[in-house]
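*Asks:* Questions regarding the structure given below will be posed in turn.
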Amino acid sequence: MTSAGSGLTLLQTCALSLLVFTGASQFALVGALAAGGGPFTAAAGAFFLGVRNAFYGLRLSQLLALPRAVRPFAAQWVIDETTAVSLAQPGRRGARIGFVVTGLSLYVLWNLTTLLGALGAEAIGDTDAWGLDAAGPAVFLALLAPMLRTGAERTVAGVAVLLGLGLLPVLPAGVPVLVAALAAPAVLWARGRKSASRSDTAEEDR
C-alpha cells in the first residue's frame, strides 16, 4: 500500500519486492519517490541502506560454504533475519537449513503480502486520502528504533535527523537523505578526536 501511495503501479510494486528483498531499502526508495525525488536519488538512498547486507554476505559465505553456482541465487536472501538464524545454529548443516527455510518462507510471504497490499490499495482508490504516504517513514522508523542501542548510534541517528530535516527546504527531494548519511563518519571522526584529546590530556597529567 505504501508504494501504491507513492505512485507505483501494481506491476512495479511486485517487481520491487521480487528484486529488492530488503525492507529498509524498499521503504527508503518508496519514501523518496513519494517526496518527489528522482529515481536515481531514491535508488542511491536504498543502495546505501542495503550495503550492510554485503557485510552479512562475507560472514555467511564462510559459514555456509555454498557451491559457487548457488551463491548468486543465495545472495538474494542475505538479510537480517536469515543471517541471525544461520549464525545461531551450532553447525554448518543447521546453518544451511536455517538459511534456506528462513529465506524461502520470508521471501514467499513478503511477496504475497506485497501483492495483497497493492491489490488492496487499488481497491480503496485514492490512497492520498488515507494518508498512506506517511506509512513508509513510520515503518522505517519502527524498524530503525530498536537498532539504536549505543550512545554513538543514537548520536548518529540524531545528527542524521537534524541534517535531513534542516536541508529538506533547500535541497531537491531525496537528496537530504543522502547528505544525512554523512552523519555516521562525522560522528565517528568527532568521537575519535575527542578520545585522542583525552589521551593527550591524560599523558600531560602524568
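Every chain in the C-alpha cells has a letter given in the order shown (A, B, ...), and although residue numbers restart at 1 in each chain, ligands are simply numbered from 1 in the order shown.
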Which residues come within 12 Å of Ala95 (chain A), counting only C-alpha atoms, excluding same-chain residues fewer than 5 positions away, as a ChimeraX atom specification?
*Replies:* /A:59-66,82-90,100-103
*Asks:* Using only C-alpha atoms, which residues sit within 12 Å of Leu163 (chain A) once same-chain residues fewer than 5 positions away are excluded, as a PyMOL selection string?
*Replies:* chain A and resi 156-158+168-171+175-184+186
*Asks:* Create the file for the chosen residues now, containing all heavy atoms and written as a JSON list (two decimals), in the first residue's frame.
*Replies:*
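Ended up saving to part_16.json:
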[["chain", "number", "residue", "atom", "x", "y", "z"],
["A", 156, "VAL", "N", 24.44, 9.35, 16.05],
["A", 156, "VAL", "CA", 24.41, 9.34, 14.58],
["A", 156, "VAL", "C", 22.98, 9.54, 14.08],
["A", 156, "VAL", "O", 22.75, 10.32, 13.15],
["A", 156, "VAL", "CB", 24.98, 8.01, 14.05],
["A", 156, "VAL", "CG1", 24.69, 7.87, 12.54],
["A", 156, "VAL", "CG2", 26.48, 7.93, 14.29],
["A", 157, "ALA", "N", 22.03, 8.85, 14.71],
["A", 157, "ALA", "CA", 20.63, 8.99, 14.29],
["A", 157, "ALA", "C", 20.14, 10.42, 14.50],
["A", 157, "ALA", "O", 19.46, 10.99, 13.64],
["A", 157, "ALA", "CB", 19.75, 8.02, 15.08],
["A", 158, "GLY", "N", 20.51, 11.03, 15.64],
["A", 158, "GLY", "CA", 20.09, 12.40, 15.90],
["A", 158, "GLY", "C", 20.67, 13.39, 14.91],
["A", 158, "GLY", "O", 19.96, 14.28, 14.40],
["A", 168, "LEU", "N", 15.96, 19.77, 4.12],
["A", 168, "LEU", "CA", 14.75, 19.46, 3.36],
["A", 168, "LEU", "C", 14.20, 20.65, 2.59],
["A", 168, "LEU", "O", 13.81, 20.51, 1.42],
["A", 168, "LEU", "CB", 13.69, 18.88, 4.30],
["A", 168, "LEU", "CG", 12.49, 18.20, 3.64],
["A", 168, "LEU", "CD1", 12.95, 17.01, 2.81],
["A", 168, "LEU", "CD2", 11.51, 17.73, 4.70],
["A", 169, "PRO", "N", 14.18, 21.87, 3.18],
["A", 169, "PRO", "CA", 13.60, 23.00, 2.43],
["A", 169, "PRO", "C", 14.50, 23.55, 1.32],
["A", 169, "PRO", "O", 14.02, 24.28, 0.45],
["A", 169, "PRO", "CB", 13.39, 24.07, 3.52],
["A", 169, "PRO", "CG", 13.53, 23.37, 4.82],
["A", 169, "PRO", "CD", 14.48, 22.25, 4.56],
["A", 170, "VAL", "N", 15.80, 23.21, 1.34],
["A", 170, "VAL", "CA", 16.73, 23.86, 0.41],
["A", 170, "VAL", "C", 17.29, 22.92, -0.65],
["A", 170, "VAL", "O", 17.89, 23.38, -1.62],
["A", 170, "VAL", "CB", 17.90, 24.52, 1.18],
["A", 170, "VAL", "CG1", 17.39, 25.62, 2.07],
["A", 170, "VAL", "CG2", 18.67, 23.49, 1.99],
["A", 171, "LEU", "N", 17.13, 21.61, -0.48],
["A", 171, "LEU", "CA", 17.66, 20.65, -1.45],
["A", 171, "LEU", "C", 16.52, 19.89, -2.13],
["A", 171, "LEU", "O", 15.43, 19.77, -1.57],
["A", 171, "LEU", "CB", 18.60, 19.66, -0.76],
["A", 171, "LEU", "CG", 19.92, 20.22, -0.22],
["A", 171, "LEU", "CD1", 20.72, 19.11, 0.46],
["A", 171, "LEU", "CD2", 20.74, 20.85, -1.34],
["A", 175, "VAL", "N", 17.59, 14.14, -1.84],
["A", 175, "VAL", "CA", 18.99, 14.48, -1.61],
["A", 175, "VAL", "C", 19.31, 14.62, -0.12],
["A", 175, "VAL", "O", 20.39, 14.19, 0.32],
["A", 175, "VAL", "CB", 19.37, 15.76, -2.38],
["A", 175, "VAL", "CG1", 20.82, 16.17, -2.08],
["A", 175, "VAL", "CG2", 19.20, 15.55, -3.87],
["A", 176, "PRO", "N", 18.42, 15.23, 0.69],
["A", 176, "PRO", "CA", 18.73, 15.31, 2.13],
["A", 176, "PRO", "C", 19.01, 13.96, 2.78],
["A", 176, "PRO", "O", 19.80, 13.87, 3.72],
["A", 176, "PRO", "CB", 17.46, 15.95, 2.71],
["A", 176, "PRO", "CG", 16.92, 16.77, 1.60],
["A", 176, "PRO", "CD", 17.18, 15.97, 0.37],
["A", 177, "VAL", "N", 18.38, 12.91, 2.30],
["A", 177, "VAL", "CA", 18.62, 11.57, 2.85],
["A", 177, "VAL", "C", 20.06, 11.14, 2.59],
["A", 177, "VAL", "O", 20.73, 10.56, 3.46],
["A", 177, "VAL", "CB", 17.64, 10.55, 2.24],
["A", 177, "VAL", "CG1", 17.96, 9.14, 2.72],
["A", 177, "VAL", "CG2", 16.21, 10.91, 2.58],
["A", 178, "LEU", "N", 20.56, 11.45, 1.39],
["A", 178, "LEU", "CA", 21.92, 11.09, 1.06],
["A", 178, "LEU", "C", 22.92, 11.90, 1.89],
["A", 178, "LEU", "O", 23.94, 11.37, 2.34],
["A", 178, "LEU", "CB", 22.18, 11.32, -0.43],
["A", 178, "LEU", "CG", 21.29, 10.54, -1.40],
["A", 178, "LEU", "CD1", 21.65, 10.87, -2.84],
["A", 178, "LEU", "CD2", 21.41, 9.05, -1.16],
["A", 179, "VAL", "N", 22.63, 13.19, 2.09],
["A", 179, "VAL", "CA", 23.52, 14.03, 2.89],
["A", 179, "VAL", "C", 23.51, 13.56, 4.34],
["A", 179, "VAL", "O", 24.54, 13.57, 5.03],
["A", 179, "VAL", "CB", 23.11, 15.50, 2.80],
["A", 179, "VAL", "CG1", 23.99, 16.37, 3.69],
["A", 179, "VAL", "CG2", 23.19, 15.98, 1.36],
["A", 180, "ALA", "N", 22.33, 13.13, 4.82],
["A", 180, "ALA", "CA", 22.22, 12.65, 6.19],
["A", 180, "ALA", "C", 23.09, 11.43, 6.44],
["A", 180, "ALA", "O", 23.47, 11.16, 7.59],
["A", 180, "ALA", "CB", 20.77, 12.33, 6.52],
["A", 181, "ALA", "N", 23.44, 10.69, 5.38],
["A", 181, "ALA", "CA", 24.31, 9.53, 5.54],
["A", 181, "ALA", "C", 25.70, 9.94, 6.02],
["A", 181, "ALA", "O", 26.45, 9.11, 6.56],
["A", 181, "ALA", "CB", 24.42, 8.77, 4.22],
["A", 182, "LEU", "N", 26.05, 11.22, 5.84],
["A", 182, "LEU", "CA", 27.36, 11.70, 6.30],
["A", 182, "LEU", "C", 27.42, 11.81, 7.82],
["A", 182, "LEU", "O", 28.50, 12.06, 8.38],
["A", 182, "LEU", "CB", 27.65, 13.07, 5.69],
["A", 182, "LEU", "CG", 27.76, 13.12, 4.15],
["A", 182, "LEU", "CD1", 27.93, 14.55, 3.69],
["A", 182, "LEU", "CD2", 28.91, 12.25, 3.67],
["A", 183, "ALA", "N", 26.28, 11.64, 8.49],
["A", 183, "ALA", "CA", 26.26, 11.74, 9.95],
["A", 183, "ALA", "C", 27.16, 10.69, 10.59],
["A", 183, "ALA", "O", 27.85, 10.97, 11.57],
["A", 183, "ALA", "CB", 24.83, 11.59, 10.47],
["A", 184, "ALA", "N", 27.17, 9.48, 10.04],
["A", 184, "ALA", "CA", 27.98, 8.40, 10.63],
["A", 184, "ALA", "C", 29.47, 8.72, 10.62],
["A", 184, "ALA", "O", 30.11, 8.70, 11.68],
["A", 184, "ALA", "CB", 27.69, 7.08, 9.92],
["A", 186, "ALA", "N", 30.91, 11.58, 10.29],
["A", 186, "ALA", "CA", 31.14, 12.81, 11.04],
["A", 186, "ALA", "C", 31.18, 12.55, 12.54],
["A", 186, "ALA", "O", 32.06, 13.05, 13.25],
["A", 186, "ALA", "CB", 30.05, 13.84, 10.72]]
*Asks:* Measuring between only C-alpha atoms, which one of A:Ala24, A:Gly94, A:Leu58, A:Leu115 shows the shortest distance to Ala46 (chain A)?
*Replies:*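 Once distances to Ala46 (chain A) are computed over only C-alpha atoms, the minimum belongs to A:Ala24.
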*Asks:* Give me every alpha helix (DSSP H) residue in region 3-191 of chain A, going by DSSP on the backbone, as number ranges by chain.
*Replies:* A: 3-5, 10-19, 23-34, 39-50, 52-64, 71-74, 80-87, 92-124, 135-144, 151-167, 175-180, 183-191
*Asks:* So how far away is CA of Leu16 (chain A) from CA of Ala69 (chain A), in Å?
*Replies:*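 If I compute the distance from CA of Ala69 (chain A) to CA of Leu16 (chain A), I get 24.4 Å.
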